[in-house]
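Next up, input.cif (mmCIF, N, CA and C atoms):
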data_data
#
loop_
_atom_site.label_atom_id
_atom_site.label_comp_id
_atom_site.auth_asym_id
_atom_site.auth_seq_id
_atom_site.Cartn_x
_atom_site.Cartn_y
_atom_site.Cartn_z
N MET A 1 96.86 108.70 88.17
CA MET A 1 97.29 108.51 89.54
C MET A 1 98.48 107.56 89.52
N THR A 2 99.51 107.93 90.24
CA THR A 2 100.69 107.08 90.25
C THR A 2 100.42 105.84 91.08
N GLU A 3 101.19 104.82 90.79
CA GLU A 3 100.97 103.55 91.47
C GLU A 3 101.02 103.68 92.99
N PRO A 4 102.04 104.35 93.56
CA PRO A 4 102.07 104.45 95.02
C PRO A 4 100.84 105.15 95.61
N GLU A 5 100.26 106.15 94.89
CA GLU A 5 99.09 106.85 95.40
C GLU A 5 97.90 105.91 95.55
N TRP A 6 97.59 105.13 94.50
CA TRP A 6 96.42 104.26 94.59
C TRP A 6 96.67 103.13 95.57
N GLN A 7 97.91 102.66 95.66
CA GLN A 7 98.22 101.61 96.62
C GLN A 7 98.04 102.12 98.04
N GLU A 8 98.52 103.34 98.29
CA GLU A 8 98.39 103.94 99.62
C GLU A 8 96.92 104.17 99.97
N ARG A 9 96.13 104.60 98.99
CA ARG A 9 94.70 104.83 99.25
C ARG A 9 94.00 103.54 99.65
N LEU A 10 94.35 102.43 98.98
CA LEU A 10 93.77 101.13 99.35
C LEU A 10 94.17 100.75 100.77
N ARG A 11 95.45 100.84 101.06
CA ARG A 11 95.94 100.44 102.39
C ARG A 11 95.35 101.32 103.49
N ALA A 12 95.31 102.63 103.24
CA ALA A 12 94.81 103.57 104.25
C ALA A 12 93.34 103.31 104.58
N SER A 13 92.60 102.76 103.63
CA SER A 13 91.18 102.49 103.86
C SER A 13 90.94 101.11 104.46
N GLY A 14 92.03 100.38 104.69
CA GLY A 14 91.90 99.05 105.30
C GLY A 14 91.70 97.93 104.29
N HIS A 15 91.84 98.23 103.01
CA HIS A 15 91.68 97.22 101.97
C HIS A 15 93.04 96.65 101.60
N ARG A 16 93.02 95.40 101.19
CA ARG A 16 94.25 94.75 100.77
C ARG A 16 94.61 95.14 99.34
N LEU A 17 95.89 95.25 99.11
CA LEU A 17 96.41 95.47 97.76
C LEU A 17 96.59 94.08 97.14
N THR A 18 95.74 93.77 96.16
CA THR A 18 95.82 92.45 95.54
C THR A 18 96.20 92.58 94.07
N LYS A 19 96.74 91.51 93.54
CA LYS A 19 97.10 91.47 92.12
C LYS A 19 95.85 91.69 91.26
N GLN A 20 94.71 91.11 91.69
CA GLN A 20 93.47 91.25 90.93
C GLN A 20 93.02 92.71 90.88
N ARG A 21 93.09 93.42 92.00
CA ARG A 21 92.68 94.83 92.01
C ARG A 21 93.58 95.66 91.11
N ALA A 22 94.86 95.38 91.12
CA ALA A 22 95.78 96.09 90.25
C ALA A 22 95.45 95.83 88.78
N MET A 23 95.13 94.58 88.43
CA MET A 23 94.78 94.25 87.05
C MET A 23 93.47 94.91 86.64
N ILE A 24 92.52 94.96 87.55
CA ILE A 24 91.22 95.56 87.25
C ILE A 24 91.36 97.06 87.04
N LEU A 25 92.12 97.72 87.90
CA LEU A 25 92.35 99.16 87.74
C LEU A 25 93.06 99.44 86.42
N GLU A 26 94.05 98.62 86.08
CA GLU A 26 94.76 98.79 84.82
C GLU A 26 93.83 98.58 83.62
N ALA A 27 92.95 97.58 83.72
CA ALA A 27 92.01 97.30 82.63
C ALA A 27 91.07 98.49 82.42
N VAL A 28 90.54 99.07 83.50
CA VAL A 28 89.65 100.23 83.38
C VAL A 28 90.40 101.39 82.72
N GLU A 29 91.62 101.62 83.14
CA GLU A 29 92.39 102.71 82.55
C GLU A 29 92.67 102.47 81.07
N ASN A 30 92.96 101.22 80.71
CA ASN A 30 93.24 100.90 79.30
C ASN A 30 92.00 100.96 78.42
N LEU A 31 90.86 100.56 78.96
CA LEU A 31 89.63 100.48 78.16
C LEU A 31 88.93 101.83 78.00
N GLY A 32 89.19 102.77 78.88
CA GLY A 32 88.52 104.07 78.80
C GLY A 32 87.18 104.03 79.53
N HIS A 33 86.15 103.56 78.87
CA HIS A 33 84.83 103.36 79.47
C HIS A 33 84.49 101.89 79.28
N ALA A 34 84.16 101.20 80.36
CA ALA A 34 83.94 99.76 80.24
C ALA A 34 82.95 99.26 81.29
N THR A 35 82.15 98.30 80.87
CA THR A 35 81.23 97.62 81.79
C THR A 35 82.03 96.57 82.56
N PRO A 36 81.47 96.05 83.65
CA PRO A 36 82.16 94.98 84.36
C PRO A 36 82.47 93.77 83.46
N ASP A 37 81.56 93.44 82.55
CA ASP A 37 81.83 92.33 81.63
C ASP A 37 83.02 92.62 80.73
N GLN A 38 83.15 93.85 80.27
CA GLN A 38 84.29 94.21 79.42
C GLN A 38 85.59 94.21 80.23
N VAL A 39 85.53 94.68 81.46
CA VAL A 39 86.71 94.63 82.34
C VAL A 39 87.10 93.18 82.58
N HIS A 40 86.10 92.34 82.82
CA HIS A 40 86.34 90.92 83.06
C HIS A 40 87.05 90.29 81.86
N ALA A 41 86.57 90.56 80.66
CA ALA A 41 87.18 90.01 79.45
C ALA A 41 88.62 90.47 79.31
N GLU A 42 88.88 91.74 79.62
CA GLU A 42 90.24 92.28 79.51
C GLU A 42 91.17 91.63 80.53
N VAL A 43 90.71 91.49 81.77
CA VAL A 43 91.54 90.89 82.82
C VAL A 43 91.81 89.41 82.51
N ARG A 44 90.80 88.72 82.00
CA ARG A 44 90.96 87.28 81.71
C ARG A 44 91.97 87.01 80.59
N ARG A 45 92.30 88.01 79.81
CA ARG A 45 93.32 87.82 78.77
C ARG A 45 94.66 87.44 79.38
N THR A 46 94.95 87.98 80.57
CA THR A 46 96.23 87.67 81.23
C THR A 46 96.06 86.82 82.48
N SER A 47 94.85 86.77 83.01
CA SER A 47 94.61 85.99 84.23
C SER A 47 93.24 85.31 84.15
N PRO A 48 93.18 84.16 83.48
CA PRO A 48 91.90 83.48 83.25
C PRO A 48 91.16 83.03 84.51
N SER A 49 91.83 83.00 85.65
CA SER A 49 91.17 82.51 86.86
C SER A 49 90.34 83.56 87.58
N VAL A 50 90.43 84.83 87.18
CA VAL A 50 89.66 85.89 87.84
C VAL A 50 88.20 85.78 87.43
N ASN A 51 87.31 85.67 88.44
CA ASN A 51 85.89 85.51 88.11
C ASN A 51 85.15 86.85 88.15
N LEU A 52 83.95 86.84 87.59
CA LEU A 52 83.16 88.06 87.45
C LEU A 52 82.78 88.67 88.80
N SER A 53 82.55 87.85 89.81
CA SER A 53 82.19 88.40 91.13
C SER A 53 83.37 89.19 91.72
N THR A 54 84.59 88.76 91.45
CA THR A 54 85.77 89.51 91.89
C THR A 54 85.83 90.86 91.20
N ILE A 55 85.48 90.89 89.93
CA ILE A 55 85.46 92.14 89.17
C ILE A 55 84.46 93.10 89.80
N TYR A 56 83.23 92.64 90.04
CA TYR A 56 82.20 93.50 90.61
C TYR A 56 82.61 94.02 91.99
N ARG A 57 83.10 93.13 92.86
CA ARG A 57 83.50 93.55 94.21
C ARG A 57 84.64 94.56 94.16
N SER A 58 85.61 94.29 93.31
CA SER A 58 86.77 95.18 93.21
C SER A 58 86.38 96.54 92.62
N LEU A 59 85.54 96.55 91.61
CA LEU A 59 85.08 97.82 91.04
C LEU A 59 84.34 98.64 92.08
N GLU A 60 83.56 97.99 92.92
CA GLU A 60 82.84 98.69 93.97
C GLU A 60 83.81 99.34 94.95
N VAL A 61 84.83 98.61 95.36
CA VAL A 61 85.84 99.15 96.28
C VAL A 61 86.59 100.29 95.62
N LEU A 62 87.04 100.09 94.38
CA LEU A 62 87.79 101.13 93.67
C LEU A 62 86.95 102.39 93.46
N ASN A 63 85.65 102.21 93.23
CA ASN A 63 84.74 103.35 93.08
C ASN A 63 84.58 104.09 94.41
N GLU A 64 84.39 103.35 95.49
CA GLU A 64 84.24 103.96 96.82
C GLU A 64 85.46 104.79 97.19
N LEU A 65 86.64 104.33 96.77
CA LEU A 65 87.88 105.02 97.11
C LEU A 65 88.22 106.14 96.13
N GLY A 66 87.38 106.32 95.10
CA GLY A 66 87.62 107.37 94.13
C GLY A 66 88.71 107.06 93.12
N LEU A 67 89.05 105.79 92.97
CA LEU A 67 90.07 105.38 92.01
C LEU A 67 89.48 105.17 90.63
N VAL A 68 88.20 104.84 90.57
CA VAL A 68 87.44 104.78 89.32
C VAL A 68 86.12 105.49 89.57
N ARG A 69 85.46 105.86 88.50
CA ARG A 69 84.12 106.45 88.59
C ARG A 69 83.18 105.59 87.76
N HIS A 70 81.91 105.66 88.11
CA HIS A 70 80.95 104.94 87.28
C HIS A 70 79.82 105.88 86.86
N ALA A 71 79.23 105.52 85.74
CA ALA A 71 78.07 106.24 85.22
C ALA A 71 77.13 105.21 84.61
N HIS A 72 75.89 105.57 84.48
CA HIS A 72 74.89 104.68 83.89
C HIS A 72 74.64 105.16 82.46
N LEU A 73 75.32 104.52 81.52
CA LEU A 73 75.25 104.93 80.12
C LEU A 73 74.22 104.12 79.35
N SER A 74 73.56 103.21 80.04
CA SER A 74 72.49 102.42 79.44
C SER A 74 71.61 101.92 80.58
N ASP A 75 70.62 101.12 80.23
CA ASP A 75 69.77 100.55 81.27
C ASP A 75 70.36 99.25 81.81
N ARG A 76 71.57 98.96 81.42
CA ARG A 76 72.25 97.75 81.86
C ARG A 76 73.26 98.09 82.96
N ALA A 77 74.32 97.33 83.04
CA ALA A 77 75.34 97.51 84.07
C ALA A 77 75.99 98.89 83.95
N PRO A 78 76.48 99.42 85.07
CA PRO A 78 77.17 100.70 85.01
C PRO A 78 78.45 100.59 84.17
N THR A 79 78.91 101.72 83.71
CA THR A 79 80.15 101.80 82.96
C THR A 79 81.18 102.51 83.83
N TYR A 80 82.36 101.95 83.89
CA TYR A 80 83.42 102.50 84.74
C TYR A 80 84.48 103.17 83.89
N HIS A 81 85.08 104.22 84.44
CA HIS A 81 86.20 104.87 83.78
C HIS A 81 87.17 105.36 84.85
N SER A 82 88.38 105.61 84.45
CA SER A 82 89.43 106.01 85.37
C SER A 82 89.11 107.36 86.00
N ALA A 83 89.50 107.51 87.24
CA ALA A 83 89.31 108.78 87.94
C ALA A 83 90.51 109.69 87.73
N THR A 84 91.50 109.24 86.96
CA THR A 84 92.70 110.06 86.77
C THR A 84 92.49 111.18 85.76
N GLY A 85 91.55 111.02 84.86
CA GLY A 85 91.29 112.07 83.87
C GLY A 85 90.37 113.13 84.43
N GLU A 86 90.06 114.10 83.58
CA GLU A 86 89.15 115.17 83.98
C GLU A 86 87.75 114.61 84.22
N GLU A 87 87.11 115.07 85.28
CA GLU A 87 85.74 114.66 85.56
C GLU A 87 84.85 115.11 84.40
N HIS A 88 83.98 114.24 83.97
CA HIS A 88 83.13 114.56 82.83
C HIS A 88 81.79 113.84 82.95
N ALA A 89 80.83 114.35 82.22
CA ALA A 89 79.51 113.73 82.12
C ALA A 89 79.39 113.16 80.71
N HIS A 90 78.24 112.56 80.42
CA HIS A 90 78.07 111.88 79.14
C HIS A 90 76.75 112.27 78.49
N LEU A 91 76.81 112.48 77.17
CA LEU A 91 75.61 112.63 76.36
C LEU A 91 75.50 111.35 75.55
N ILE A 92 74.34 110.69 75.61
CA ILE A 92 74.16 109.40 74.95
C ILE A 92 72.98 109.50 73.97
N CYS A 93 73.23 109.14 72.72
CA CYS A 93 72.16 109.13 71.71
C CYS A 93 71.32 107.87 71.88
N ARG A 94 70.02 108.05 72.00
CA ARG A 94 69.11 106.91 72.18
C ARG A 94 68.99 106.05 70.92
N ASP A 95 69.29 106.61 69.75
CA ASP A 95 69.18 105.83 68.52
C ASP A 95 70.46 105.09 68.18
N CYS A 96 71.55 105.82 67.98
CA CYS A 96 72.79 105.18 67.51
C CYS A 96 73.75 104.81 68.63
N GLY A 97 73.50 105.27 69.87
CA GLY A 97 74.35 104.93 71.00
C GLY A 97 75.61 105.76 71.12
N ARG A 98 75.77 106.74 70.26
CA ARG A 98 76.96 107.59 70.29
C ARG A 98 77.12 108.23 71.66
N GLN A 99 78.36 108.21 72.18
CA GLN A 99 78.68 108.79 73.47
C GLN A 99 79.55 110.02 73.26
N THR A 100 79.19 111.11 73.92
CA THR A 100 79.98 112.33 73.87
C THR A 100 80.30 112.73 75.30
N SER A 101 81.56 112.97 75.58
CA SER A 101 81.96 113.42 76.91
C SER A 101 81.82 114.93 76.98
N VAL A 102 81.37 115.42 78.13
CA VAL A 102 81.20 116.85 78.37
C VAL A 102 81.97 117.18 79.64
N SER A 103 82.85 118.16 79.56
CA SER A 103 83.70 118.49 80.71
C SER A 103 82.88 119.09 81.85
N ARG A 104 83.43 118.97 83.02
CA ARG A 104 82.80 119.57 84.20
C ARG A 104 82.65 121.08 84.00
N LYS A 105 83.64 121.70 83.40
CA LYS A 105 83.61 123.15 83.17
C LYS A 105 82.43 123.53 82.28
N GLU A 106 82.21 122.77 81.19
CA GLU A 106 81.08 123.04 80.29
C GLU A 106 79.76 122.86 81.02
N LEU A 107 79.64 121.80 81.80
CA LEU A 107 78.40 121.55 82.54
C LEU A 107 78.16 122.60 83.62
N ALA A 108 79.21 122.96 84.32
CA ALA A 108 79.06 123.98 85.37
C ALA A 108 78.57 125.29 84.76
N ALA A 109 79.08 125.63 83.58
CA ALA A 109 78.62 126.86 82.91
C ALA A 109 77.15 126.73 82.50
N ALA A 110 76.78 125.56 81.97
CA ALA A 110 75.41 125.36 81.50
C ALA A 110 74.41 125.30 82.66
N LEU A 111 74.79 124.71 83.76
CA LEU A 111 73.88 124.52 84.89
C LEU A 111 74.05 125.55 86.00
N GLY A 112 75.01 126.46 85.83
CA GLY A 112 75.36 127.41 86.89
C GLY A 112 74.20 128.09 87.56
N GLY A 113 73.32 128.72 86.78
CA GLY A 113 72.19 129.45 87.37
C GLY A 113 71.25 128.54 88.14
N LEU A 114 70.97 127.40 87.58
CA LEU A 114 70.08 126.44 88.24
C LEU A 114 70.69 125.93 89.53
N VAL A 115 71.95 125.57 89.46
CA VAL A 115 72.63 125.02 90.63
C VAL A 115 72.75 126.08 91.72
N ASP A 116 73.18 127.28 91.35
CA ASP A 116 73.33 128.35 92.33
C ASP A 116 71.99 128.70 92.97
N GLY A 117 70.95 128.75 92.17
CA GLY A 117 69.62 129.09 92.66
C GLY A 117 69.04 128.07 93.62
N LYS A 118 69.46 126.83 93.48
CA LYS A 118 68.94 125.76 94.34
C LYS A 118 69.89 125.42 95.48
N GLY A 119 71.10 125.98 95.45
CA GLY A 119 72.08 125.65 96.49
C GLY A 119 72.45 124.18 96.46
N PHE A 120 72.73 123.67 95.28
CA PHE A 120 72.94 122.24 95.08
C PHE A 120 74.27 122.01 94.36
N GLN A 121 75.00 120.97 94.74
CA GLN A 121 76.26 120.63 94.09
C GLN A 121 76.10 119.31 93.35
N PRO A 122 76.03 119.36 92.01
CA PRO A 122 75.84 118.11 91.23
C PRO A 122 77.08 117.21 91.27
N ASP A 123 76.84 115.95 91.10
CA ASP A 123 77.90 114.96 90.90
C ASP A 123 78.08 114.85 89.39
N TYR A 124 78.85 115.76 88.82
CA TYR A 124 78.99 115.87 87.37
C TYR A 124 79.49 114.58 86.73
N GLY A 125 80.38 113.89 87.39
CA GLY A 125 80.94 112.67 86.83
C GLY A 125 79.96 111.52 86.73
N HIS A 126 78.85 111.63 87.41
CA HIS A 126 77.85 110.57 87.40
C HIS A 126 76.67 110.93 86.49
N LEU A 127 76.71 112.13 85.94
CA LEU A 127 75.60 112.65 85.15
C LEU A 127 75.62 112.09 83.73
N THR A 128 74.48 111.57 83.31
CA THR A 128 74.31 111.10 81.94
C THR A 128 73.02 111.71 81.41
N ILE A 129 73.11 112.31 80.22
CA ILE A 129 71.94 112.92 79.59
C ILE A 129 71.65 112.14 78.32
N PHE A 130 70.44 111.62 78.23
CA PHE A 130 70.02 110.87 77.06
C PHE A 130 69.25 111.78 76.12
N GLY A 131 69.44 111.58 74.84
CA GLY A 131 68.75 112.38 73.83
C GLY A 131 69.09 111.83 72.46
N TRP A 132 69.21 112.73 71.48
CA TRP A 132 69.47 112.33 70.10
C TRP A 132 70.58 113.19 69.54
N CYS A 133 71.54 112.56 68.90
CA CYS A 133 72.70 113.28 68.35
C CYS A 133 72.34 113.99 67.04
N GLN A 134 73.26 114.80 66.58
CA GLN A 134 73.03 115.60 65.38
C GLN A 134 73.46 114.90 64.10
N THR A 135 73.78 113.63 64.17
CA THR A 135 74.22 112.92 62.96
C THR A 135 73.05 112.33 62.19
N GLY A 136 71.86 112.85 62.42
CA GLY A 136 70.68 112.37 61.73
C GLY A 136 69.64 111.78 62.66
N CYS A 137 70.05 111.37 63.83
CA CYS A 137 69.10 110.77 64.77
C CYS A 137 68.07 111.78 65.25
N HIS A 138 68.49 113.03 65.46
CA HIS A 138 67.55 114.04 65.97
C HIS A 138 66.46 114.37 64.96
N GLU A 139 66.72 114.12 63.67
CA GLU A 139 65.70 114.39 62.64
C GLU A 139 64.54 113.41 62.73
N GLN A 140 64.80 112.26 63.34
CA GLN A 140 63.77 111.22 63.44
C GLN A 140 62.84 111.47 64.63
N VAL A 141 63.21 112.40 65.48
CA VAL A 141 62.44 112.68 66.68
C VAL A 141 61.46 113.81 66.39
N GLU A 142 60.24 113.62 66.77
CA GLU A 142 59.23 114.66 66.57
C GLU A 142 59.54 115.81 67.52
N GLN A 143 59.75 117.00 66.99
CA GLN A 143 60.10 118.17 67.77
C GLN A 143 58.83 118.84 68.28
N PRO A 144 58.82 119.26 69.55
CA PRO A 144 57.65 119.97 70.05
C PRO A 144 57.52 121.32 69.37
N SER A 145 56.30 121.74 69.16
CA SER A 145 56.08 123.05 68.52
C SER A 145 56.32 124.16 69.54
N ALA A 146 56.83 125.27 69.05
CA ALA A 146 57.19 126.38 69.94
C ALA A 146 56.00 127.23 70.26
#

What would the structure in this file look like if it were written as structure tokens?
Amino acid sequence: MTEPEWQERLRASGHRLTKQRAMILEAVENLGHATPDQVHAEVRRTSPSVNLSTIYRSLEVLNELGLVRHAHLSDRAPTYHSATGEEHAHLICRDCGRQTSVSRKELAAALGGLVDGKGFQPDYGHLTIFGWCQTGCHEQVEQPSA
């Protein structure tokens, strides 16, 4: 998203354009996927006075405006990522923590029949599926008998 677009979206919604919000949005874009603590650490590299509550409030506003997206990739704080890239979901390995992004197109194809049959529109960008990856973690899981 170009700078004028996100600035206009903030103003149009009645929110102020602040230096802190610009730094937070830039940090999320630079980090890829990041928790509020990770965003805070990144922002503090150039602006040590920004506190964690500002990070949380700003991320909430940016998420509401569709400038960032969040997903729950663990049982801890949500993880934020830029809304400028392709919408995607996440596969998370419960053993090694490996994260794999899955495109909306792949998910729509996989869930198509279920979604169409239920008349439901998933929030693909918020979807996280936990399981075990194929790098050896799945071998440790007892497989149900067929």

ask   = Hey, can you check how far CA of Val61 in chain A sits from CA of His15 in chain A?
value =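 The value is 8.4 Å.
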
message = One number please: CA of Lys118 in chain A to atom N of His70 in chain A, in Å, one decimal.
response =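 Distance reported for this atom pair: 24.7 Å.
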
Residue nearest Cys133 in chain A among A:Ala108, A:Ala34, A:Leu91, A:Val115 (counting only N, CA and C atoms) = A:Leu91

ask   = Which residue gives the smallest distance to Leu73 in chain A among A:Glu106, A:Ile92, A:Thr135, A:Phe120, with only N, CA and C atoms counted?
value =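 Residue with the minimum atom-to-atom distance to Leu73 in chain A: A:Ile92.
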
message = Can you tell me which residues surround Glu42 in chain A at a distance of at most 7 Å, considering all atoms listed in the file, apart from same-chain residues fewer than 5 positions away, and format the answer as an NGL selection string?
response = :A and (27 or 37 or 47)

query = In Å, with one decimal, what is the gap from atom N of Gly32 in chain A to atom C of Leu10 in chain A?
reply =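 Between these atoms lies a distance of 22.5 Å.
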
request  = Would you mind telling me which residue in A:Gln134, A:Ser13, A:Thr35, A:Gln121 lies nearest to Tyr80 in chain A when using only N, CA and C atoms?
outcome  =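 Counting only N, CA and C atoms, the residue closest to Tyr80 in chain A is A:Thr35.
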
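Within 8 Å of range 95-104 of chain A, once only C-alpha atoms are used and residues closer than 3 positions along the same chain are dropped, the contacting residues are A:Glu86, A:Glu87, A:His88, A:Ala89, A:His90, A:Leu91, A:Ile92, A:Leu107, A:Ala108, A:Tyr124, A:Gly125, A:Trp132, A:Cys133, A:Cys137.
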
Print the selection's residues with N, CA and C atoms to a file, as a PDB file, keeping the file's coordinate frame.
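Output file selection.pdb is given in full below:
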ATOM      1  N   GLU A  86      90.060 114.100  83.580  1.00  0.00           N
ATOM      2  CA  GLU A  86      89.150 115.170  83.980  1.00  0.00           C
ATOM      3  C   GLU A  86      87.750 114.610  84.220  1.00  0.00           C
ATOM      4  N   GLU A  87      87.110 115.070  85.280  1.00  0.00           N
ATOM      5  CA  GLU A  87      85.740 114.660  85.560  1.00  0.00           C
ATOM      6  C   GLU A  87      84.850 115.110  84.400  1.00  0.00           C
ATOM      7  N   HIS A  88      83.980 114.240  83.970  1.00  0.00           N
ATOM      8  CA  HIS A  88      83.130 114.560  82.830  1.00  0.00           C
ATOM      9  C   HIS A  88      81.790 113.840  82.950  1.00  0.00           C
ATOM     10  N   ALA A  89      80.830 114.350  82.220  1.00  0.00           N
ATOM     11  CA  ALA A  89      79.510 113.730  82.120  1.00  0.00           C
ATOM     12  C   ALA A  89      79.390 113.160  80.710  1.00  0.00           C
ATOM     13  N   HIS A  90      78.240 112.560  80.420  1.00  0.00           N
ATOM     14  CA  HIS A  90      78.070 111.880  79.140  1.00  0.00           C
ATOM     15  C   HIS A  90      76.750 112.270  78.490  1.00  0.00           C
ATOM     16  N   LEU A  91      76.810 112.480  77.170  1.00  0.00           N
ATOM     17  CA  LEU A  91      75.610 112.630  76.360  1.00  0.00           C
ATOM     18  C   LEU A  91      75.500 111.350  75.550  1.00  0.00           C
ATOM     19  N   ILE A  92      74.340 110.690  75.610  1.00  0.00           N
ATOM     20  CA  ILE A  92      74.160 109.400  74.950  1.00  0.00           C
ATOM     21  C   ILE A  92      72.980 109.500  73.970  1.00  0.00           C
ATOM     22  N   LEU A 107      79.640 121.800  81.800  1.00  0.00           N
ATOM     23  CA  LEU A 107      78.400 121.550  82.540  1.00  0.00           C
ATOM     24  C   LEU A 107      78.160 122.600  83.620  1.00  0.00           C
ATOM     25  N   ALA A 108      79.210 122.960  84.320  1.00  0.00           N
ATOM     26  CA  ALA A 108      79.060 123.980  85.370  1.00  0.00           C
ATOM     27  C   ALA A 108      78.570 125.290  84.760  1.00  0.00           C
ATOM     28  N   TYR A 124      78.850 115.760  88.820  1.00  0.00           N
ATOM     29  CA  TYR A 124      78.990 115.870  87.370  1.00  0.00           C
ATOM     30  C   TYR A 124      79.490 114.580  86.730  1.00  0.00           C
ATOM     31  N   GLY A 125      80.380 113.890  87.390  1.00  0.00           N
ATOM     32  CA  GLY A 125      80.940 112.670  86.830  1.00  0.00           C
ATOM     33  C   GLY A 125      79.960 111.520  86.730  1.00  0.00           C
ATOM     34  N   TRP A 132      69.210 112.730  71.480  1.00  0.00           N
ATOM     35  CA  TRP A 132      69.470 112.330  70.100  1.00  0.00           C
ATOM     36  C   TRP A 132      70.580 113.190  69.540  1.00  0.00           C
ATOM     37  N   CYS A 133      71.540 112.560  68.900  1.00  0.00           N
ATOM     38  CA  CYS A 133      72.700 113.280  68.350  1.00  0.00           C
ATOM     39  C   CYS A 133      72.340 113.990  67.040  1.00  0.00           C
ATOM     40  N   CYS A 137      70.050 111.370  63.830  1.00  0.00           N
ATOM     41  CA  CYS A 137      69.100 110.770  64.770  1.00  0.00           C
ATOM     42  C   CYS A 137      68.070 111.780  65.250  1.00  0.00           C
TER      43      CYS A 137
END

task = Could you tell me, as a list in words, which residues of range 26-116 of chain A DSSP assigns to strand (DSSP E or B) when given the backbone?
result = His33, Ala34, Val68, Arg69, His70, Ala71, Thr79, Tyr80, His81, Ser82, His88, Ala89, His90, Leu91, Ile92, Cys93, Gln99, Thr100, Ser101, Val102 and Ser103 of chain A

request  = Would you please work out which residue, of A:Gly14, A:Ser82, A:Ile129, A:Glu8, is nearest to Asn30 in chain A when using all atoms listed in the file?
outcome  = A:Ser82

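Residue nearest Thr128 in chain A within the list A:Lys19, A:His40, A:His72, A:Arg45: A:His72 [criterion: smallest interatomic distance, all atoms listed in the file].
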
query = So, counting all atoms listed in the file, which residue among A:Leu65, A:Gly112, A:Pro36, A:Val50 is closest to Pro78 in chain A?
reply = A:Pro36

task = Expand the PyMOL selection byres (((chain A and resi 66 and name CA) around 10) and name CA) into the individual residues it matches in the shown file, reporting them as a ChimeraX atom specification.
result = /A:6,9,60-65,67-70,82-84
